[in-house]
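Heads up, my_file28.cif below (mmCIF, C-alpha atoms (C1' of nucleotides)):
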```cif
data_final
loop_
_atom_site.label_atom_id
_atom_site.label_comp_id
_atom_site.auth_asym_id
_atom_site.auth_seq_id
_atom_site.Cartn_x
_atom_site.Cartn_y
_atom_site.Cartn_z
CA MET A 72 0.00 0.00 0.00
CA MET A 73 1.20 3.43 -0.89
CA ARG A 74 1.40 6.08 1.74
CA ALA A 75 -1.18 8.82 1.39
CA ASP A 76 1.31 11.62 0.91
CA ALA A 77 3.17 9.61 -1.70
CA ARG A 78 -0.01 9.12 -3.67
CA ARG A 79 -0.74 12.82 -3.47
CA ASN A 80 2.68 13.69 -4.80
CA ARG A 81 2.40 11.19 -7.58
CA GLU A 82 -0.79 12.80 -8.73
CA ARG A 83 0.61 16.28 -8.50
CA ILE A 84 3.51 15.19 -10.68
CA VAL A 85 1.27 13.72 -13.34
CA ALA A 86 -0.88 16.83 -13.37
CA SER A 87 2.12 19.10 -13.74
CA ALA A 88 3.61 16.91 -16.42
CA ARG A 89 0.41 17.16 -18.41
CA GLU A 90 0.50 20.92 -18.20
CA VAL A 91 4.15 21.31 -18.95
CA PHE A 92 4.13 18.95 -21.91
CA ALA A 93 1.07 20.64 -23.29
CA GLU A 94 2.72 24.02 -23.02
CA GLN A 95 6.23 23.29 -24.08
CA GLY A 96 5.99 20.20 -26.18
CA PRO A 97 7.87 16.99 -25.79
CA GLY A 98 11.19 18.66 -25.16
CA ALA A 99 10.12 20.07 -21.82
CA SER A 100 12.45 19.38 -18.93
CA LEU A 101 11.53 17.00 -16.17
CA ASN A 102 13.14 19.44 -13.82
CA GLN A 103 10.39 21.87 -14.57
CA VAL A 104 7.74 19.26 -14.06
CA ALA A 105 9.12 18.55 -10.62
CA GLN A 106 9.40 22.19 -9.80
CA ARG A 107 5.87 22.98 -10.83
CA ALA A 108 4.61 20.03 -8.87
CA GLY A 109 6.46 21.40 -5.87
CA VAL A 110 8.52 18.28 -5.34
CA GLY A 111 12.22 17.56 -5.56
CA ALA A 112 13.80 15.88 -8.52
CA GLY A 113 14.40 12.80 -6.43
CA THR A 114 10.71 12.39 -5.80
CA LEU A 115 9.92 12.58 -9.45
CA TYR A 116 12.45 9.91 -10.31
CA ARG A 117 11.31 7.72 -7.45
CA HIS A 118 7.81 7.63 -8.88
CA PHE A 119 8.78 7.49 -12.51
CA PRO A 120 12.22 5.97 -12.95
CA THR A 121 12.03 6.28 -16.70
CA SER A 122 10.58 9.30 -18.38
CA GLN A 123 8.59 6.78 -20.34
CA ASP A 124 6.76 5.72 -17.23
CA LEU A 125 5.58 9.26 -16.81
CA LEU A 126 4.51 9.41 -20.42
CA VAL A 127 2.49 6.25 -20.08
CA GLU A 128 0.68 7.67 -17.12
CA ILE A 129 -0.26 10.70 -19.13
CA ILE A 130 -1.33 8.78 -22.17
CA LYS A 131 -3.36 6.17 -20.36
CA ASP A 132 -6.51 8.25 -20.09
CA ASP A 133 -6.42 9.13 -23.74
CA VAL A 134 -6.05 5.52 -24.66
CA ASP A 135 -9.11 4.71 -22.64
CA ALA A 136 -11.02 7.49 -24.33
CA LEU A 137 -9.91 6.25 -27.71
CA CYS A 138 -11.09 2.76 -26.96
CA ALA A 139 -14.40 4.03 -25.66
CA ARG A 140 -14.86 5.94 -28.87
CA GLY A 141 -14.07 2.75 -30.73
CA ARG A 142 -16.79 0.91 -28.85
CA GLU A 143 -19.30 3.59 -29.68
CA LEU A 144 -18.40 3.38 -33.33
CA ALA A 145 -19.02 -0.34 -33.33
CA ASP A 146 -22.71 0.40 -33.89
CA HIS A 147 -22.17 2.86 -36.68
CA PRO A 148 -24.29 2.04 -39.74
CA SER A 149 -21.30 2.18 -42.07
CA PRO A 150 -18.51 -0.04 -40.77
CA GLY A 151 -16.03 1.39 -43.24
CA GLU A 152 -16.75 4.91 -42.17
CA ALA A 153 -16.60 3.89 -38.53
CA LEU A 154 -13.10 2.51 -38.96
CA ARG A 155 -12.02 5.56 -40.85
CA THR A 156 -13.45 7.91 -38.25
CA TRP A 157 -11.71 6.04 -35.54
CA LEU A 158 -8.37 6.11 -37.32
CA ARG A 159 -8.81 9.82 -37.61
CA ALA A 160 -9.35 10.01 -33.87
CA VAL A 161 -6.16 8.04 -33.36
CA ALA A 162 -4.26 10.44 -35.57
CA VAL A 163 -5.69 13.44 -33.78
CA HIS A 164 -4.81 11.97 -30.44
CA ALA A 165 -1.28 11.40 -31.69
CA THR A 166 -1.06 15.02 -32.73
CA ALA A 167 -2.40 16.32 -29.46
CA MET A 168 0.14 14.29 -27.53
CA ARG A 169 2.89 15.90 -29.54
CA GLY A 170 6.15 14.02 -29.44
CA LEU A 171 4.84 11.46 -27.06
CA VAL A 172 3.57 9.27 -29.84
CA ALA A 173 7.05 8.39 -30.85
CA VAL A 174 7.40 6.55 -27.61
CA GLU A 175 3.91 5.24 -27.75
CA MET A 176 4.49 3.73 -31.14
CA ALA A 177 7.84 2.21 -30.59
CA GLY A 178 6.18 0.26 -27.81
CA ALA A 179 9.59 0.19 -26.29
CA GLY A 180 8.60 -0.31 -22.68
CA PRO A 181 6.59 -3.13 -21.21
CA ALA A 182 4.52 -0.47 -19.49
CA LEU A 183 3.21 0.51 -22.87
CA ALA A 184 2.35 -3.00 -23.90
CA ALA A 185 -1.00 -2.81 -22.16
CA CYS A 186 -1.92 0.41 -23.94
CA HIS A 187 -0.79 -1.02 -27.22
CA ASP A 188 -2.82 -4.19 -26.80
CA GLN A 189 -5.87 -2.24 -25.81
CA ILE A 190 -5.76 -0.07 -28.89
CA THR A 191 -4.95 -2.92 -31.20
CA ALA A 192 -7.91 -4.91 -29.94
CA THR A 193 -10.23 -1.98 -30.53
CA GLY A 194 -8.88 -1.47 -34.00
CA ALA A 195 -9.17 -5.15 -34.78
CA ALA A 196 -12.84 -5.15 -33.88
CA LEU A 197 -13.56 -2.22 -36.15
CA LEU A 198 -11.52 -3.64 -38.98
CA HIS A 199 -13.20 -7.00 -38.63
CA ARG A 200 -16.59 -5.43 -39.01
CA ALA A 201 -15.48 -3.22 -41.89
CA ARG A 202 -13.87 -6.06 -43.73
CA PRO A 203 -14.70 -9.58 -42.60
CA PRO A 204 -11.59 -11.69 -43.04
CA GLU A 205 -13.50 -14.41 -44.86
CA THR A 206 -14.47 -12.05 -47.66
CA ALA A 207 -13.43 -13.70 -50.87
CA SER A 208 -10.98 -11.35 -52.51
CA PRO A 209 -11.87 -10.36 -56.03
CA ALA A 210 -8.93 -10.88 -58.33
CA GLY A 211 -6.27 -8.27 -57.83
CA GLN A 212 -7.79 -7.24 -54.54
CA ALA A 213 -5.22 -6.76 -51.84
CA GLY A 214 -5.48 -8.80 -48.70
CA ALA A 215 -6.71 -7.40 -45.43
CA PRO A 216 -4.20 -5.02 -43.94
CA ARG A 217 -2.74 -5.68 -40.54
CA VAL A 218 -4.36 -3.74 -37.77
CA ASP A 219 -0.94 -2.69 -36.59
CA ASP A 220 -0.17 -1.22 -39.95
CA LEU A 221 -3.30 0.87 -39.93
CA LEU A 222 -2.51 2.13 -36.46
CA THR A 223 1.07 2.79 -37.35
CA LEU A 224 -0.03 4.77 -40.35
CA ALA A 225 -2.52 6.73 -38.28
CA ASN A 226 0.19 7.54 -35.79
CA ALA A 227 2.59 8.48 -38.53
CA ILE A 228 -0.01 10.84 -39.93
CA GLY A 229 -0.52 12.29 -36.49
CA TRP A 230 3.20 12.78 -36.25
CA ALA A 231 3.26 14.57 -39.57
CA ALA A 232 0.45 16.84 -38.46
CA GLU A 233 2.39 17.61 -35.35
CA GLN A 234 5.30 18.78 -37.47
CA SER A 235 3.15 21.20 -39.42
CA PRO A 236 1.06 22.95 -36.86
CA GLY A 237 -1.22 25.40 -38.50
CA ASP A 238 -2.24 23.09 -41.29
CA GLU A 239 -5.54 22.06 -39.79
CA ARG A 240 -6.70 19.89 -42.62
CA LEU A 241 -3.50 17.95 -43.11
CA ILE A 242 -4.73 14.93 -41.21
CA ASP A 243 -7.83 14.72 -43.34
CA ARG A 244 -5.97 15.12 -46.57
CA LEU A 245 -3.42 12.49 -45.70
CA LEU A 246 -6.02 10.13 -44.40
CA ALA A 247 -7.89 10.55 -47.66
CA LEU A 248 -4.89 9.09 -49.44
CA VAL A 249 -5.15 5.93 -47.39
CA THR A 250 -7.21 3.13 -48.78
CA ILE A 251 -8.24 0.25 -46.65
CA PRO A 252 -8.53 -2.69 -49.01
CA GLY A 253 -12.03 -4.06 -49.01
CA THR A 254 -13.71 -0.89 -47.86
CA ARG A 255 -14.97 1.99 -49.89
CA LYS A 256 -12.57 4.82 -50.59
CA ALA A 257 -12.66 7.83 -48.34
CA PRO A 258 -14.72 10.75 -49.55
CA PRO A 259 -12.57 13.73 -50.50
CA PRO A 260 -12.24 15.96 -47.46
CA GLU A 261 -15.13 18.41 -47.70
CA MET B 6 36.68 33.21 -50.02
CA MET B 7 37.19 30.80 -47.22
CA ARG B 8 40.57 30.12 -45.79
CA ALA B 9 41.96 26.72 -46.68
CA ASP B 10 42.21 25.48 -43.12
CA ALA B 11 38.66 26.62 -42.43
CA ARG B 12 37.38 24.63 -45.35
CA ARG B 13 39.28 21.59 -44.19
CA ASN B 14 37.77 21.82 -40.74
CA ARG B 15 34.31 22.30 -42.13
CA GLU B 16 34.65 19.11 -44.09
CA ARG B 17 36.01 17.19 -41.15
CA ILE B 18 33.02 18.30 -39.12
CA VAL B 19 30.51 17.19 -41.70
CA ALA B 20 32.23 13.84 -42.05
CA SER B 21 32.23 13.28 -38.31
CA ALA B 22 28.64 14.37 -38.03
CA ARG B 23 27.64 11.85 -40.62
CA GLU B 24 29.36 9.08 -38.70
CA VAL B 25 28.11 10.08 -35.31
CA PHE B 26 24.51 10.51 -36.40
CA ALA B 27 24.62 7.19 -38.20
CA GLU B 28 25.92 5.47 -35.10
CA GLN B 29 23.96 7.13 -32.37
CA GLY B 30 20.88 8.41 -34.03
CA PRO B 31 19.53 11.89 -34.02
CA GLY B 32 20.08 12.37 -30.29
CA ALA B 33 23.84 12.37 -30.64
CA SER B 34 25.63 15.27 -29.04
CA LEU B 35 27.30 17.95 -31.09
CA ASN B 36 30.04 17.87 -28.55
CA GLN B 37 30.95 14.45 -29.74
CA VAL B 38 30.84 15.51 -33.33
CA ALA B 39 33.31 18.27 -32.57
CA GLN B 40 35.52 15.97 -30.57
CA ARG B 41 35.64 13.32 -33.23
CA ALA B 42 36.41 15.92 -35.83
CA GLY B 43 39.26 17.08 -33.62
CA VAL B 44 38.01 20.64 -33.39
CA GLY B 45 36.78 22.75 -30.54
CA ALA B 46 33.13 23.38 -29.88
CA GLY B 47 33.56 26.96 -30.93
CA THR B 48 34.71 25.92 -34.37
CA LEU B 49 31.71 23.72 -34.83
CA TYR B 50 29.31 26.51 -33.93
CA ARG B 51 31.17 28.99 -36.05
CA HIS B 52 30.59 26.86 -39.12
CA PHE B 53 27.11 25.70 -38.23
CA PRO B 54 25.41 28.20 -35.96
CA THR B 55 22.25 26.13 -35.83
CA SER B 56 22.34 22.39 -35.58
CA GLN B 57 19.94 22.50 -38.47
CA ASP B 58 22.61 23.97 -40.68
CA LEU B 59 24.70 20.93 -39.99
CA LEU B 60 21.79 18.67 -40.76
CA VAL B 61 21.18 20.38 -44.05
CA GLU B 62 24.76 19.85 -45.04
CA ILE B 63 24.43 16.16 -44.34
CA ILE B 64 21.14 15.79 -46.10
CA LYS B 65 22.04 17.76 -49.19
CA ASP B 66 23.75 14.93 -50.99
CA ASP B 67 20.87 12.60 -50.35
CA VAL B 68 18.45 15.13 -51.68
CA ASP B 69 20.47 15.40 -54.84
CA ALA B 70 20.53 11.63 -55.17
CA LEU B 71 16.80 11.49 -54.65
CA CYS B 72 16.21 14.06 -57.34
CA ALA B 73 18.53 12.27 -59.72
CA ARG B 74 16.58 9.10 -59.13
CA GLY B 75 13.43 11.06 -59.86
CA ARG B 76 14.82 12.21 -63.18
CA GLU B 77 15.71 8.65 -64.11
CA LEU B 78 12.20 7.53 -63.31
CA ALA B 79 10.75 10.15 -65.59
CA ASP B 80 11.26 7.75 -68.49
CA HIS B 81 9.72 4.78 -66.78
CA PRO B 82 7.07 3.09 -68.94
CA SER B 83 4.50 3.18 -66.16
CA PRO B 84 4.20 6.68 -64.76
CA GLY B 85 2.15 5.49 -61.81
CA GLU B 86 4.71 2.93 -60.84
CA ALA B 87 7.46 5.47 -61.31
CA LEU B 88 5.84 7.83 -58.84
CA ARG B 89 5.26 5.05 -56.40
CA THR B 90 8.82 3.82 -56.68
CA TRP B 91 10.10 7.28 -56.09
CA LEU B 92 7.92 7.82 -53.04
CA ARG B 93 9.34 4.61 -51.69
CA ALA B 94 12.82 5.96 -52.22
CA VAL B 95 11.85 9.08 -50.34
CA ALA B 96 10.54 7.01 -47.45
CA VAL B 97 13.67 4.90 -47.38
CA HIS B 98 15.82 7.97 -47.39
CA ALA B 99 13.80 9.35 -44.49
CA THR B 100 14.39 6.16 -42.56
CA ALA B 101 18.08 6.09 -43.24
CA MET B 102 18.44 9.65 -42.04
CA ARG B 103 16.84 8.65 -38.78
CA GLY B 104 15.44 11.56 -36.81
CA LEU B 105 16.75 14.07 -39.25
CA VAL B 106 13.62 13.92 -41.33
CA ALA B 107 11.66 15.63 -38.64
CA VAL B 108 13.67 18.72 -39.31
CA GLU B 109 13.67 18.16 -43.01
CA MET B 110 9.92 17.99 -43.08
CA ALA B 111 9.14 20.87 -40.85
CA GLY B 112 11.10 22.94 -43.29
CA ALA B 113 11.69 25.20 -40.37
CA GLY B 114 14.83 26.87 -41.59
CA PRO B 115 15.37 28.87 -44.72
CA ALA B 116 18.42 26.74 -45.34
CA LEU B 117 16.12 23.82 -45.93
CA ALA B 118 13.87 25.67 -48.28
CA ALA B 119 16.13 24.91 -51.21
CA CYS B 120 16.09 21.18 -50.45
CA HIS B 121 12.39 21.25 -50.01
CA ASP B 122 11.79 23.05 -53.28
CA GLN B 123 14.08 20.70 -55.12
CA ILE B 124 12.27 17.63 -53.89
CA THR B 125 8.86 19.11 -54.43
CA ALA B 126 9.69 19.98 -58.00
CA THR B 127 10.86 16.46 -58.69
CA GLY B 128 7.73 15.03 -57.14
CA ALA B 129 5.54 17.39 -59.07
CA ALA B 130 7.04 16.26 -62.35
CA LEU B 131 6.41 12.62 -61.56
CA LEU B 132 2.91 13.28 -60.32
CA HIS B 133 2.11 15.35 -63.35
CA ARG B 134 3.08 12.50 -65.63
CA ALA B 135 1.26 9.93 -63.52
CA ARG B 136 -1.89 11.97 -63.35
CA PRO B 137 -2.23 14.87 -65.73
CA PRO B 138 -4.09 17.64 -63.95
CA GLU B 139 -6.50 18.12 -66.84
CA THR B 140 -7.83 14.58 -66.52
CA ALA B 141 -11.58 14.81 -66.22
CA SER B 142 -12.48 13.25 -62.92
CA PRO B 143 -15.02 10.46 -63.13
CA ALA B 144 -17.83 11.01 -60.67
CA GLY B 145 -16.74 10.31 -57.14
CA GLN B 146 -13.12 10.43 -58.16
CA ALA B 147 -11.03 12.41 -55.75
CA GLY B 148 -9.05 15.34 -57.06
CA ALA B 149 -5.32 15.26 -57.57
CA PRO B 150 -3.45 15.15 -54.31
CA ARG B 151 -1.00 17.86 -53.43
CA VAL B 152 2.58 16.95 -54.05
CA ASP B 153 3.42 18.14 -50.57
CA ASP B 154 0.93 15.76 -49.10
CA LEU B 155 2.43 12.82 -50.91
CA LEU B 156 5.88 13.79 -49.75
CA THR B 157 4.69 14.37 -46.24
CA LEU B 158 3.09 10.98 -46.19
CA ALA B 159 6.22 9.36 -47.57
CA ASN B 160 8.25 11.03 -44.87
CA ALA B 161 5.78 10.04 -42.20
CA ILE B 162 6.03 6.46 -43.37
CA GLY B 163 9.79 6.72 -43.25
CA TRP B 164 9.51 8.03 -39.74
CA ALA B 165 7.31 5.12 -38.76
CA ALA B 166 9.80 2.69 -40.21
CA GLU B 167 12.51 4.36 -38.25
CA GLN B 168 10.57 3.72 -35.05
CA SER B 169 10.29 0.02 -35.77
CA PRO B 170 13.69 -1.06 -36.89
CA GLY B 171 13.71 -4.70 -37.72
CA ASP B 172 10.46 -4.63 -39.61
CA GLU B 173 11.97 -4.52 -43.06
CA ARG B 174 8.78 -4.64 -45.00
CA LEU B 175 6.91 -2.00 -43.05
CA ILE B 176 7.54 0.70 -45.61
CA ASP B 177 6.16 -1.45 -48.39
CA ARG B 178 3.11 -2.47 -46.43
CA LEU B 179 2.27 1.06 -45.42
CA LEU B 180 2.91 2.40 -48.88
CA ALA B 181 0.56 -0.25 -50.22
CA LEU B 182 -2.20 1.35 -48.17
CA VAL B 183 -1.68 4.63 -49.93
CA THR B 184 -3.71 5.31 -53.03
CA ILE B 185 -2.85 8.11 -55.35
CA PRO B 186 -6.13 9.17 -56.88
CA GLY B 187 -6.04 8.77 -60.61
CA THR B 188 -3.37 6.11 -60.67
CA ARG B 189 -3.69 2.41 -60.38
CA LYS B 190 -3.57 0.91 -56.90
CA ALA B 191 -0.29 -0.41 -55.67
CA PRO B 192 0.25 -4.11 -56.09
CA PRO B 193 0.28 -5.94 -52.77
CA PRO B 194 3.87 -6.16 -51.58
CA GLU B 195 5.12 -9.49 -52.93
"C1'" DC C 174 60.99 35.83 -48.12
"C1'" DT C 175 58.89 38.11 -44.64
"C1'" DA C 176 55.72 41.04 -41.91
"C1'" DG C 177 51.15 42.35 -40.87
"C1'" DG C 178 46.35 42.16 -40.74
"C1'" DA C 179 42.46 39.52 -41.49
"C1'" DT C 180 40.63 35.09 -40.33
"C1'" DA C 181 39.92 31.08 -37.77
"C1'" DT C 182 40.70 28.39 -33.67
"C1'" DG C 183 39.86 25.85 -29.10
"C1'" DG C 184 38.69 25.30 -24.73
"C1'" DA C 185 37.19 27.53 -20.38
"C1'" DG C 186 32.91 28.75 -18.53
"C1'" DA C 187 27.80 29.92 -17.92
"C1'" DG C 188 23.64 27.93 -17.59
"C1'" DC C 189 21.02 24.38 -18.84
"C1'" DT C 190 19.80 19.30 -18.55
"C1'" DT C 191 19.14 14.29 -16.48
"C1'" DC C 192 19.58 11.31 -12.82
"C1'" DT C 193 21.67 9.54 -8.02
"C1'" DC C 194 22.24 9.51 -3.33
"C1'" DC C 195 21.32 9.80 1.45
"C1'" DA C 196 20.48 12.60 5.78
"C1'" DC C 197 16.33 13.99 7.07
"C1'" DT C 198 11.12 14.23 7.68
"C1'" DT C 199 6.66 12.22 8.28
"C1'" DA C 200 2.60 9.04 8.15
"C1'" DG C 201 0.31 5.74 10.40
"C1'" DC C 202 0.37 1.63 13.39
"C1'" DA C 203 0.53 -0.38 18.15
"C1'" DT D 93 2.35 8.95 22.21
"C1'" DG D 94 6.35 6.72 20.15
"C1'" DC D 95 8.80 4.03 16.62
"C1'" DT D 96 9.87 2.58 12.17
"C1'" DA D 97 9.36 1.95 7.51
"C1'" DA D 98 8.32 4.83 3.71
"C1'" DG D 99 8.95 8.92 1.50
"C1'" DT D 100 11.28 13.33 0.60
"C1'" DG D 101 14.18 17.15 -1.39
"C1'" DG D 102 17.95 19.22 -2.93
"C1'" DA D 103 23.04 19.10 -3.39
"C1'" DG D 104 26.03 17.18 -6.65
"C1'" DA D 105 28.08 14.49 -10.60
"C1'" DA D 106 28.27 14.25 -15.32
"C1'" DG D 107 27.04 15.82 -19.66
"C1'" DC D 108 24.78 18.99 -22.91
"C1'" DT D 109 24.44 23.46 -25.79
"C1'" DC D 110 26.28 27.60 -26.92
"C1'" DT D 111 29.41 32.04 -26.17
"C1'" DC D 112 33.50 34.49 -25.84
"C1'" DC D 113 38.05 36.05 -26.72
"C1'" DA D 114 43.19 35.48 -26.20
"C1'" DT D 115 45.78 32.97 -29.17
"C1'" DA D 116 47.44 30.76 -33.40
"C1'" DT D 117 47.32 30.37 -38.32
"C1'" DC D 118 46.95 31.64 -43.10
"C1'" DC D 119 48.04 34.39 -47.02
"C1'" DT D 120 48.92 38.48 -49.38
"C1'" DA D 121 51.40 42.84 -50.45
"C1'" DG D 122 55.72 44.64 -50.40
#
```

Would you kindly transcribe this structure into structure tokens?
Amino acid sequence: MMRADARRNRERIVASAREVFAEQGPGASLNQVAQRAGVGAGTLYRHFPTSQDLLVEIIKDDVDALCARGRELADHPSPGEALRTWLRAVAVHATAMRGLVAVEMAGAGPALAACHDQITATGAALLHRARPPETASPAGQAGAPRVDDLLTLANAIGWAAEQSPGDERLIDRLLALVTIPGTRKAPPPE
Amino acid sequence: MMRADARRNRERIVASAREVFAEQGPGASLNQVAQRAGVGAGTLYRHFPTSQDLLVEIIKDDVDALCARGRELADHPSPGEALRTWLRAVAVHATAMRGLVAVEMAGAGPALAACHDQITATGAALLHRARPPETASPAGQAGAPRVDDLLTLANAIGWAAEQSPGDERLIDRLLALVTIPGTRKAPPPE
DNA sequence: CTAGGATATGGAGAGCTTCTCCACTTAGCA
DNA sequence: TGCTAAGTGGAGAAGCTCTCCATATCCTAG
């Protein structure tokens, strides 16, 4: 069991980290996070030995939200559109999290494995509905894409959007270039 | 005119930078670059005030190579395939350059503008051949994509590949998901 | 061939950063 | 109310980026 004050500090750190990253982007210093949280550097590192651990904590809620959104979309009348909408949400999330996606994607740490699995499962469900695996492929039709590839692409697009802030429609334009074999093509943005 | 010794040092720095970045990735310290080049930190910063300037120097050759490849492909019997092949080359280049693409893409510095223009022009030529702008769009057919978007997507894919070293075919799989309106779909990788 | 001025150098140092360590404080049980 | 295990904070080591300028080096004009 964690001591009450320790838990309090942990939460303060996460809150500060969220703020600082949002303000200053991924390059923000952990020093500052600690300072804003009103704790010493040692305390920060005690709670989050790797900066990745801190990132995971921050991302977790978003991942949950993303998966919830995925569940909602499971009832959408057009499965193809549902999948596409969800991928867009993934890309947007990636953009909002700024540089953090890099870590998220690499899946480097075991801490992230859970997040990764959760998202993959959600994506798999949507893809399955949009394009049942048993669909007989018409000649020349590409096979079903891997869920991971779709997610990777969505993240990559989010990353790109992050690099060009100010171009609001970039995500939509890039996503429009993506075709998910077996589903209808995306409508041109607007 | 630059003094002979200055030129020599400049070249040593670029050579070292190439090595160090290749070995240690984009996070490598400029200190190390200077040290390996056998020059002081001051000399490094004198030649390359911004670390971006150094990056540009490193990337320049690759950009030239990429454009040369583009010119070769201009004669390719299948314009669509030519464009696709070239985009792949762009993505591979992005991967090889590791984190450097981020900078390259953002186009943040004026120094990079030249590179950016050069690549864009090459891409535009290939796209133009693959999909003449005056083509009457069949109903529901999306309009021609922006060259920038294609390049951005190629870079994003390169970035993704960079995050998952070891997955050799990732670039091909992701690229296969990209459809360039007006050209034939990519063949499934292998 | 040399002297002088313009040019280029390197490394000390300022001010960051990340991360470690441990003497000290404090929560919470008995 | 103690006592003790758990938790803390900030000094400090090591490394980074970037600046500054006394010093060394080039190269040209005489």

Result set, the PyMOL selection byres ((chain D) within 10 of (chain B)) on current file, as an MDAnalysis selection string: chainID D and resid 107:112 117:119

I need the residues from that last selection saved to file as a compact mmCIF listing (two decimals), keeping the file's coordinate frame (with C-alpha atoms (C1' of nucleotides)), if you can.
```
# COMPACT_ATOMS: atom_id res chain seq x y z
C1' DG D 107 27.04 15.82 -19.66
C1' DC D 108 24.78 18.99 -22.91
C1' DT D 109 24.44 23.46 -25.79
C1' DC D 110 26.28 27.60 -26.92
C1' DT D 111 29.41 32.04 -26.17
C1' DC D 112 33.50 34.49 -25.84
C1' DT D 117 47.32 30.37 -38.32
C1' DC D 118 46.95 31.64 -43.10
C1' DC D 119 48.04 34.39 -47.02
```

Residues returned when the PyMOL selection byres ((chain B) within 7 of (chain A)) runs on this file, as a ChimeraX atom specification: /B:111,147,154,157-158,161-162,165,168-169,179,182-185,193

Restricting the output to C-alpha atoms, write the selected residues as a short mmCIF file (atom, residue, chain, number, x, y, z; two decimals), in the frame of the given file.
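Once written, part03.cif looks like this:
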```
data_model
loop_
_atom_site.label_atom_id
_atom_site.label_comp_id
_atom_site.auth_asym_id
_atom_site.auth_seq_id
_atom_site.Cartn_x
_atom_site.Cartn_y
_atom_site.Cartn_z
CA ALA B 111 9.14 20.87 -40.85
CA ALA B 147 -11.03 12.41 -55.75
CA ASP B 154 0.93 15.76 -49.10
CA THR B 157 4.69 14.37 -46.24
CA LEU B 158 3.09 10.98 -46.19
CA ALA B 161 5.78 10.04 -42.20
CA ILE B 162 6.03 6.46 -43.37
CA ALA B 165 7.31 5.12 -38.76
CA GLN B 168 10.57 3.72 -35.05
CA SER B 169 10.29 0.02 -35.77
CA LEU B 179 2.27 1.06 -45.42
CA LEU B 182 -2.20 1.35 -48.17
CA VAL B 183 -1.68 4.63 -49.93
CA THR B 184 -3.71 5.31 -53.03
CA ILE B 185 -2.85 8.11 -55.35
CA PRO B 193 0.28 -5.94 -52.77
#
```

Between atom CA of Ala105 of chain A and atom CA of Arg79 of chain A, what is the distance in Å, rounded to a tenth? 13.5 Å

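Every residue of chain C that lies within 10 Å of chain A is listed here, counting all atoms listed in the file: DC189, DT190, DT191, DC192, DT193, DC194, DT199, DA200 and DG201 of chain C.
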
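Minimum distance to Glu143 of chain A across A:Gly109, A:Asn80, A:Leu197, A:Gly253 (counting only C-alpha atoms) occurs at A:Leu197.
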